[in-house]
>>> print(open('run-v9.txt').read())   # compact mmCIF, C-alpha atoms
# COMPACT_ATOMS: atom_id res chain seq x y z
CA ASN A 1 -1.14 16.81 -3.79
CA CYS A 2 -1.39 13.13 -2.77
CA SER A 3 -5.11 13.36 -1.90
CA ALA A 4 -5.96 14.90 -5.24
CA SER A 5 -3.89 12.25 -7.03
CA ARG A 6 -5.77 9.44 -5.29
CA SER A 7 -9.11 11.05 -6.14
CA ARG A 8 -8.14 11.28 -9.80
CA GLN A 9 -7.09 7.60 -9.72
CA VAL A 10 -10.55 6.61 -8.47
CA LEU A 11 -12.17 8.81 -11.09
CA MET A 12 -10.01 7.31 -13.84
CA SER A 13 -10.90 3.77 -12.81
CA SER A 14 -14.61 4.58 -12.70
CA VAL A 15 -14.72 6.07 -16.19
CA ALA A 16 -12.60 3.39 -17.91
CA GLU A 17 -15.60 1.69 -19.52
CA GLY A 18 -13.98 0.01 -22.46
CA ARG A 19 -14.43 2.51 -25.27
CA SER A 20 -12.88 1.23 -28.46
CA VAL A 21 -9.57 2.64 -29.59
CA GLU A 22 -11.30 3.89 -32.75
CA ASP A 23 -13.58 6.05 -30.60
CA LEU A 24 -10.56 7.82 -29.22
CA PHE A 25 -9.12 8.92 -32.53
CA GLY A 26 -10.88 11.03 -35.08
CA PRO A 27 -10.25 14.16 -37.06
CA VAL A 28 -8.73 16.79 -34.81
CA PRO A 29 -11.16 19.75 -34.59
CA GLU A 30 -10.12 23.23 -35.58
CA PRO A 31 -8.75 25.12 -32.54
CA GLU A 32 -11.76 27.39 -32.04
CA ALA A 33 -14.30 24.59 -32.40
CA ALA A 34 -12.23 22.26 -30.24
CA GLY A 35 -12.02 24.91 -27.55
CA LYS A 36 -15.75 25.41 -27.35
CA THR A 37 -16.67 21.73 -27.65
CA ALA A 38 -14.15 20.35 -25.17
CA ALA A 39 -14.73 23.11 -22.64
CA ALA A 40 -18.50 22.71 -22.79
CA ALA A 41 -18.28 18.94 -22.37
CA ASN A 42 -15.91 19.18 -19.43
CA ALA A 43 -18.01 21.88 -17.78
CA VAL A 44 -20.96 19.51 -17.54
CA VAL A 45 -19.09 16.87 -15.56
CA ALA A 46 -16.54 18.91 -13.66
CA SER A 47 -17.10 20.49 -10.30
CA ALA A 48 -16.59 24.23 -10.12
CA ASP A 49 -14.49 23.57 -7.01
CA GLN A 50 -11.85 21.68 -8.96
CA PRO A 51 -8.75 23.49 -10.18
CA LEU A 52 -9.13 24.74 -13.74
CA ALA A 53 -6.35 22.43 -14.95
CA GLU A 54 -8.28 19.42 -13.65
CA ARG A 55 -11.55 20.61 -15.19
CA LEU A 56 -9.77 20.94 -18.54
CA ARG A 57 -8.14 17.52 -18.42
CA PRO A 58 -8.86 15.76 -21.76
CA ASN A 59 -11.38 12.93 -21.77
CA SER A 60 -9.98 11.29 -24.91
CA LEU A 61 -6.78 11.24 -26.90
CA ALA A 62 -8.45 13.28 -29.64
CA GLU A 63 -8.79 16.15 -27.13
CA VAL A 64 -5.08 16.22 -26.24
CA VAL A 65 -3.49 19.51 -27.26
CA GLY A 66 -0.10 19.28 -28.94
CA GLN A 67 2.19 16.25 -29.36
CA ARG A 68 0.98 15.69 -32.93
CA HIS A 69 4.39 14.12 -33.71
CA LEU A 70 3.26 11.26 -31.43
CA LEU A 71 -0.55 11.34 -31.68
CA GLY A 72 -1.20 12.45 -35.26
CA PRO A 73 -2.30 9.98 -37.93
CA GLY A 74 0.42 7.44 -38.64
CA LYS A 75 2.57 8.66 -35.74
CA PRO A 76 4.13 6.34 -33.12
CA LEU A 77 1.61 6.53 -30.27
CA GLN A 78 -1.39 6.62 -32.61
CA LEU A 79 -0.15 3.44 -34.28
CA ALA A 80 0.58 1.85 -30.90
CA PHE A 81 -2.96 2.51 -29.73
CA ALA A 82 -4.51 1.41 -33.02
CA SER A 83 -2.66 -1.90 -32.76
CA GLY A 84 -4.64 -2.71 -29.61
CA ARG A 85 -1.50 -3.95 -27.87
CA LEU A 86 -0.63 -2.34 -24.54
CA HIS A 87 3.09 -1.87 -23.89
CA SER A 88 5.38 -0.32 -21.29
CA MET A 89 6.73 3.14 -22.04
CA ILE A 90 8.75 6.05 -20.74
CA LEU A 91 7.34 9.53 -21.40
CA TRP A 92 10.19 12.03 -21.44
CA GLY A 93 9.55 15.76 -21.59
CA PRO A 94 9.46 19.06 -19.69
CA PRO A 95 6.73 19.90 -17.15
CA GLY A 96 3.25 20.67 -18.35
CA VAL A 97 3.29 18.84 -21.69
CA GLY A 98 0.81 16.06 -20.90
CA LYS A 99 2.80 13.09 -19.57
CA THR A 100 0.35 12.25 -16.78
CA THR A 101 -2.65 12.91 -19.02
CA LEU A 102 -1.35 10.51 -21.67
CA ALA A 103 -0.79 7.82 -19.05
CA ARG A 104 -4.34 8.19 -17.71
CA LEU A 105 -5.83 8.16 -21.19
CA THR A 106 -3.84 5.03 -22.01
CA ALA A 107 -5.59 3.29 -19.11
CA HIS A 108 -8.91 4.59 -20.41
CA ALA A 109 -8.23 3.41 -23.95
CA PHE A 110 -7.36 -0.13 -22.88
CA ASP A 111 -9.90 -0.39 -20.03
CA ALA A 112 -7.06 -0.96 -17.58
CA GLU A 113 -6.76 -0.35 -13.87
CA PHE A 114 -4.69 2.80 -13.27
CA ILE A 115 -2.32 2.96 -10.30
CA ALA A 116 -0.23 6.11 -9.90
CA LEU A 117 2.88 6.50 -7.77
CA SER A 118 5.12 9.49 -7.29
CA ALA A 119 8.80 8.68 -6.98
CA VAL A 120 9.11 11.68 -4.66
CA PHE A 121 6.73 10.26 -2.05
CA SER A 122 6.65 6.50 -2.70
CA GLY A 123 8.95 3.67 -1.67
CA VAL A 124 9.25 -0.11 -1.98
CA LYS A 125 6.26 -0.56 0.37
CA ASP A 126 4.07 1.44 -2.02
CA ILE A 127 5.33 -0.61 -4.95
CA ARG A 128 4.36 -3.82 -3.14
CA GLU A 129 0.89 -2.45 -2.42
CA ALA A 130 0.51 -1.48 -6.07
CA VAL A 131 1.54 -4.97 -7.15
CA ALA A 132 -1.03 -6.49 -4.77
CA ARG A 133 -3.73 -4.30 -6.33
CA ALA A 134 -2.59 -5.37 -9.80
CA ALA A 135 -2.84 -9.03 -8.79
CA GLU A 136 -6.41 -8.47 -7.58
CA ALA A 137 -7.26 -6.72 -10.85
CA GLN A 138 -5.76 -9.62 -12.81
CA GLN A 139 -8.04 -12.05 -10.97
CA ARG A 140 -10.98 -9.92 -12.15
CA GLY A 141 -9.68 -10.13 -15.72
CA ARG A 142 -8.37 -6.55 -15.87
CA LYS A 143 -4.99 -5.28 -16.93
CA THR A 144 -3.11 -2.77 -14.79
CA ILE A 145 -1.10 0.27 -15.77
CA LEU A 146 1.40 1.27 -13.11
CA PHE A 147 2.31 4.92 -13.62
CA VAL A 148 5.37 6.34 -11.87
CA ASP A 149 5.78 10.09 -12.01
CA GLU A 150 9.33 11.42 -11.84
CA VAL A 151 10.66 7.89 -12.16
CA HIS A 152 14.23 9.23 -12.34
CA ARG A 153 14.00 9.97 -8.61
CA PHE A 154 13.77 6.27 -7.77
CA ASN A 155 17.12 4.66 -7.00
CA LYS A 156 18.39 1.51 -8.71
CA ALA A 157 16.89 -0.86 -6.15
CA GLN A 158 13.49 0.79 -6.38
CA GLN A 159 13.53 0.70 -10.17
CA ASP A 160 14.65 -2.93 -10.12
CA ALA A 161 11.60 -3.78 -7.98
CA PHE A 162 9.34 -3.28 -11.03
CA LEU A 163 11.20 -5.68 -13.31
CA PRO A 164 9.72 -9.08 -12.37
CA TYR A 165 6.16 -7.76 -12.53
CA VAL A 166 6.73 -6.12 -15.90
CA GLU A 167 8.30 -9.32 -17.23
CA GLN A 168 5.40 -11.43 -15.91
CA GLY A 169 2.89 -9.10 -17.54
CA LEU A 170 1.25 -8.34 -14.21
CA VAL A 171 1.66 -4.61 -14.81
CA THR A 172 2.30 -2.40 -17.79
CA PHE A 173 4.81 0.20 -16.69
CA ILE A 174 4.56 3.86 -17.69
CA GLY A 175 7.20 6.18 -16.31
CA ALA A 176 7.27 9.96 -16.64
CA THR A 177 10.50 11.90 -16.42
CA THR A 178 11.91 15.33 -17.13
CA GLU A 179 15.42 13.88 -17.30
CA ASN A 180 17.12 11.91 -20.06
CA PRO A 181 16.08 8.30 -19.37
CA SER A 182 19.29 6.98 -20.91
CA PHE A 183 21.11 8.35 -17.86
CA GLU A 184 18.41 8.21 -15.18
CA VAL A 185 16.51 4.95 -15.80
CA ASN A 186 18.07 1.52 -15.29
CA SER A 187 19.04 -0.15 -18.55
CA ALA A 188 17.10 -3.30 -17.62
CA LEU A 189 13.87 -1.33 -17.19
CA LEU A 190 14.63 0.89 -20.16
CA SER A 191 15.07 -2.12 -22.44
CA ARG A 192 11.52 -3.22 -21.63
CA ALA A 193 9.89 0.12 -22.44
CA ALA A 194 9.46 2.30 -25.51
CA VAL A 195 10.70 5.88 -25.00
CA TYR A 196 8.51 8.70 -26.30
CA VAL A 197 9.77 12.29 -26.27
CA LEU A 198 7.14 14.94 -25.53
CA GLU A 199 7.79 18.48 -26.71
CA PRO A 200 6.86 21.87 -25.25
CA LEU A 201 3.57 23.07 -26.70
CA ASP A 202 3.96 25.33 -29.71
CA GLU A 203 2.06 28.59 -30.25
CA VAL A 204 -0.78 26.95 -32.20
CA ALA A 205 -1.38 24.37 -29.47
CA LEU A 206 -1.25 27.03 -26.75
CA GLN A 207 -3.76 29.17 -28.64
CA GLU A 208 -6.14 26.22 -28.77
CA LEU A 209 -5.63 25.57 -25.06
CA PHE A 210 -6.17 29.24 -24.27
CA ALA A 211 -9.52 29.15 -26.13
CA ARG A 212 -10.62 26.16 -24.06
CA ALA A 213 -9.51 27.70 -20.78
CA GLN A 214 -11.14 31.05 -21.50
CA GLN A 215 -14.42 29.43 -22.55
CA LEU A 216 -14.58 27.40 -19.35
CA ALA A 217 -13.14 29.83 -16.79
CA CYS A 218 -14.15 33.30 -18.01
CA PRO A 219 -16.30 33.38 -21.16
CA GLU A 220 -17.50 36.85 -20.22
CA LEU A 221 -13.97 38.28 -20.41
CA ASP A 222 -12.50 39.63 -23.63
CA PHE A 223 -8.75 39.52 -24.26
CA ASP A 224 -7.15 41.78 -26.82
CA ASP A 225 -4.61 40.27 -29.21
CA ASP A 226 -1.61 41.62 -27.33
CA ALA A 227 -2.89 40.19 -24.04
CA ARG A 228 -3.44 36.78 -25.61
CA THR A 229 0.04 36.82 -27.15
CA ARG A 230 1.57 37.91 -23.84
CA LEU A 231 -0.11 35.11 -21.89
CA ILE A 232 1.02 32.49 -24.38
CA GLY A 233 4.55 33.87 -24.15
CA PHE A 234 4.47 33.71 -20.36
CA ALA A 235 3.45 30.02 -20.56
CA ASP A 236 6.67 29.14 -22.40
CA GLY A 237 5.33 25.87 -23.82
CA ASP A 238 3.84 24.68 -20.51
CA ALA A 239 0.11 23.86 -20.71
CA ARG A 240 -0.39 23.76 -16.96
CA ARG A 241 1.26 27.12 -16.56
CA LEU A 242 -0.98 28.71 -19.19
CA ILE A 243 -4.11 27.33 -17.55
CA ASN A 244 -3.02 28.64 -14.15
CA LEU A 245 -2.29 32.05 -15.66
CA VAL A 246 -5.77 32.23 -17.18
CA ASP A 247 -7.21 31.36 -13.77
CA GLN A 248 -5.18 34.11 -12.10
CA VAL A 249 -6.16 36.67 -14.71
CA GLN A 250 -9.82 35.81 -14.31
CA VAL A 251 -9.64 36.51 -10.56
CA ALA A 252 -7.58 39.68 -11.03
CA ALA A 253 -9.84 41.09 -13.76
CA HIS A 254 -13.01 40.47 -11.78
CA THR A 255 -11.49 42.00 -8.66
CA ALA A 256 -10.35 45.10 -10.55
CA GLY A 257 -13.50 45.34 -12.68
CA VAL A 258 -11.44 45.17 -15.88
CA ASN A 259 -12.88 44.11 -19.25
CA PRO A 260 -11.37 43.73 -21.79
CA VAL A 261 -8.07 42.36 -20.54
CA THR A 262 -5.11 44.19 -22.08
CA ALA A 263 -1.39 43.51 -22.17
CA ALA A 264 -0.88 46.49 -19.85
CA PHE A 265 -3.24 44.95 -17.30
CA LEU A 266 -1.39 41.63 -17.51
CA ASP A 267 1.91 43.36 -16.88
CA GLU A 268 0.40 45.03 -13.83
CA ALA A 269 -1.35 41.93 -12.46
CA LEU A 270 1.08 39.15 -13.34
CA ALA A 271 4.56 40.37 -14.24
CA SER A 272 5.78 40.58 -10.65
CA LYS A 273 4.79 36.92 -10.12
CA LEU A 274 6.73 35.79 -13.18
CA ARG A 275 10.08 37.34 -12.42
>>> encode(input="run-v9.txt", output="structure tokens")
Amino acid sequence: NCSASRSRQVLMSSVAEGRSVEDLFGPVPEPEAAGKTAAAANAVVASADQPLAERLRPNSLAEVVGQRHLLGPGKPLQLAFASGRLHSMILWGPPGVGKTTLARLTAHAFDAEFIALSAVFSGVKDIREAVARAAEAQQRGRKTILFVDEVHRFNKAQQDAFLPYVEQGLVTFIGATTENPSFEVNSALLSRAAVYVLEPLDEVALQELFARAQQLACPELDFDDDARTRLIGFADGDARRLINLVDQVQVAAHTAGVNPVTAAFLDEALASKLR
């Protein structure tokens, strides 16, 4: 919701303390080790009242699950970050693949102010307010990333409103979209941004994410192999969906006094919600 988004913006600004780009990239841990390490680190700083998806949000690019075709060694986004040069971009991909997370981590990597807008709820007035904040940040010597979620929902006039500020370098624009930007984003804005295609998470990435979610949300619960496979199948490449499913299963299993969790229990507890 809007309140949660604003809270995360404040949090992102407060933690952007200028870590070097090199600190953000390192050897990617093995799935099991990454699950335990990342979950334990997040558990220390995250409130138990936060949604599980928020508590699992990566703190560095090295913790991002999936998208190795963009973030792996020698891949486009890894090279872009290693260059130390911030640039505007469009992140195109289905829901739950990390578009917002990558935008926030970009701000962290470059010690930039992060301003998030949703094209569903924002208008030209919000754009002007964001630009005013960016101007204030510039006076303090800070760059600004202006992130627009679902940018394809903005009309031509709204998209055009970004152009002068992108051209002046006042803001670095990052747009997220589930639609083909070639058809949904103005050519003038598109020509000033690199387009990166994010893919649904594959089975290996989802297994790693499941390990993290289980370790943080319900380490006392055991899942048999069929249950784990079933949950990953239900997620269908969507990280957020998998995390929410783990959260639901944790509540259902505790309520029913079930341990270990089996595929039959999942069918009973979740299948009706997934039809």
>>> closest_residue(input="run-v9.txt", among="A:Gly93, A:Pro200, A:Pro260, A:Gly169", to="Cys218 in chain A", atoms="only C-alpha atoms")
A:Pro260
>>> atom_distance(input="run-v9.txt", atom1="CA of Phe210 in chain A", atom2="CA of Arg240 in chain A")
10.8 Å
>>> atom_distance(input="run-v9.txt", atom1="CA of Val195 in chain A", atom2="CA of Ala107 in chain A")
17.5 Å
>>> atom_distance(input="run-v9.txt", atom1="CA of Leu221 in chain A", atom2="CA of His254 in chain A")
9.0 Å
>>> closest_residue(input="run-v9.txt", among="A:Phe265, A:Phe173, A:Phe223, A:Phe162", to="Ala193 in chain A", atoms="all atoms listed in the file")
A:Phe173
>>> residues_around(input="run-v9.txt", residues="range 182-189 of chain A", least_positions_apart="6", cutoff="8 Å", atoms="only C-alpha atoms", output="list in words")
Val151, His152, Lys156, Gln159, Asp160, Phe162 and Leu163 of chain A
>>> residues_around(input="run-v9.txt", residues="Val97 in chain A", least_positions_apart="2", cutoff="7 Å", atoms="only C-alpha atoms", output="list in words")
Gly93, Pro94, Pro95, Lys99, Leu198, Glu199, Pro200, Leu201, Asp238 and Ala239 of chain A
>>> closest_residue(input="run-v9.txt", among="A:Leu206, A:Leu190, A:Ala264, A:Val64", to="Arg104 in chain A", atoms="all atoms listed in the file")
A:Val64
>>> residues_around(input="run-v9.txt", residues="range 78-88 of chain A", least_positions_apart="6", cutoff="9 Å", atoms="all atoms listed in the file", output="JSON, numbers by chain")
{"A": [21, 22, 25, 70, 71, 72, 106, 109, 110, 145, 166, 171, 172, 173, 174, 175, 192, 193, 194, 195]}
>>> write_last_selection(input="run-v9.txt", atoms="C-alpha atoms", output="PDB file, in the coordinates of the input")
ATOM      1  CA  VAL A  21      -9.570   2.640 -29.590  1.00  0.00           C
ATOM      2  CA  GLU A  22     -11.300   3.890 -32.750  1.00  0.00           C
ATOM      3  CA  PHE A  25      -9.120   8.920 -32.530  1.00  0.00           C
ATOM      4  CA  LEU A  70       3.260  11.260 -31.430  1.00  0.00           C
ATOM      5  CA  LEU A  71      -0.550  11.340 -31.680  1.00  0.00           C
ATOM      6  CA  GLY A  72      -1.200  12.450 -35.260  1.00  0.00           C
ATOM      7  CA  THR A 106      -3.840   5.030 -22.010  1.00  0.00           C
ATOM      8  CA  ALA A 109      -8.230   3.410 -23.950  1.00  0.00           C
ATOM      9  CA  PHE A 110      -7.360  -0.130 -22.880  1.00  0.00           C
ATOM     10  CA  ILE A 145      -1.100   0.270 -15.770  1.00  0.00           C
ATOM     11  CA  VAL A 166       6.730  -6.120 -15.900  1.00  0.00           C
ATOM     12  CA  VAL A 171       1.660  -4.610 -14.810  1.00  0.00           C
ATOM     13  CA  THR A 172       2.300  -2.400 -17.790  1.00  0.00           C
ATOM     14  CA  PHE A 173       4.810   0.200 -16.690  1.00  0.00           C
ATOM     15  CA  ILE A 174       4.560   3.860 -17.690  1.00  0.00           C
ATOM     16  CA  GLY A 175       7.200   6.180 -16.310  1.00  0.00           C
ATOM     17  CA  ARG A 192      11.520  -3.220 -21.630  1.00  0.00           C
ATOM     18  CA  ALA A 193       9.890   0.120 -22.440  1.00  0.00           C
ATOM     19  CA  ALA A 194       9.460   2.300 -25.510  1.00  0.00           C
ATOM     20  CA  VAL A 195      10.700   5.880 -25.000  1.00  0.00           C
TER      21      VAL A 195
END
>>> closest_residue(input="run-v9.txt", among="A:Lys143, A:Arg228, A:Arg241, A:Arg212", to="Val65 in chain A", atoms="only C-alpha atoms")
A:Arg212
>>> residues_around(input="run-v9.txt", residues="Thr262 in chain A", least_positions_apart="3", cutoff="12 Å", atoms="all atoms listed in the file", output="JSON, numbers by chain")
{"A": [221, 222, 223, 224, 225, 226, 227, 228, 229, 230, 231, 249, 253, 258, 259, 265, 266, 267, 268, 269, 270]}
>>> closest_residue(input="run-v9.txt", among="A:Ala252, A:Ala137, A:Ala176, A:Ala116", to="Tyr196 in chain A", atoms="all atoms listed in the file")
A:Ala176
>>> residues_around(input="run-v9.txt", residues="Gln158 in chain A", least_positions_apart="6", cutoff="9 Å", atoms="all atoms listed in the file", output="NGL selection string")
:A and (123-124 or 127)
>>> write_last_selection(input="run-v9.txt", atoms="C-alpha atoms", output="mmCIF file, in the frame of the given file")
data_model
loop_
_atom_site.group_PDB
_atom_site.id
_atom_site.type_symbol
_atom_site.label_atom_id
_atom_site.label_comp_id
_atom_site.auth_asym_id
_atom_site.auth_seq_id
_atom_site.Cartn_x
_atom_site.Cartn_y
_atom_site.Cartn_z
ATOM 1 C CA GLY A 123 8.950 3.670 -1.670
ATOM 2 C CA VAL A 124 9.250 -0.110 -1.980
ATOM 3 C CA ILE A 127 5.330 -0.610 -4.950
#
>>> closest_residue(input="run-v9.txt", among="A:Ile232, A:Leu209, A:Val148, A:Ile115", to="Ala132 in chain A", atoms="only C-alpha atoms")
A:Ile115
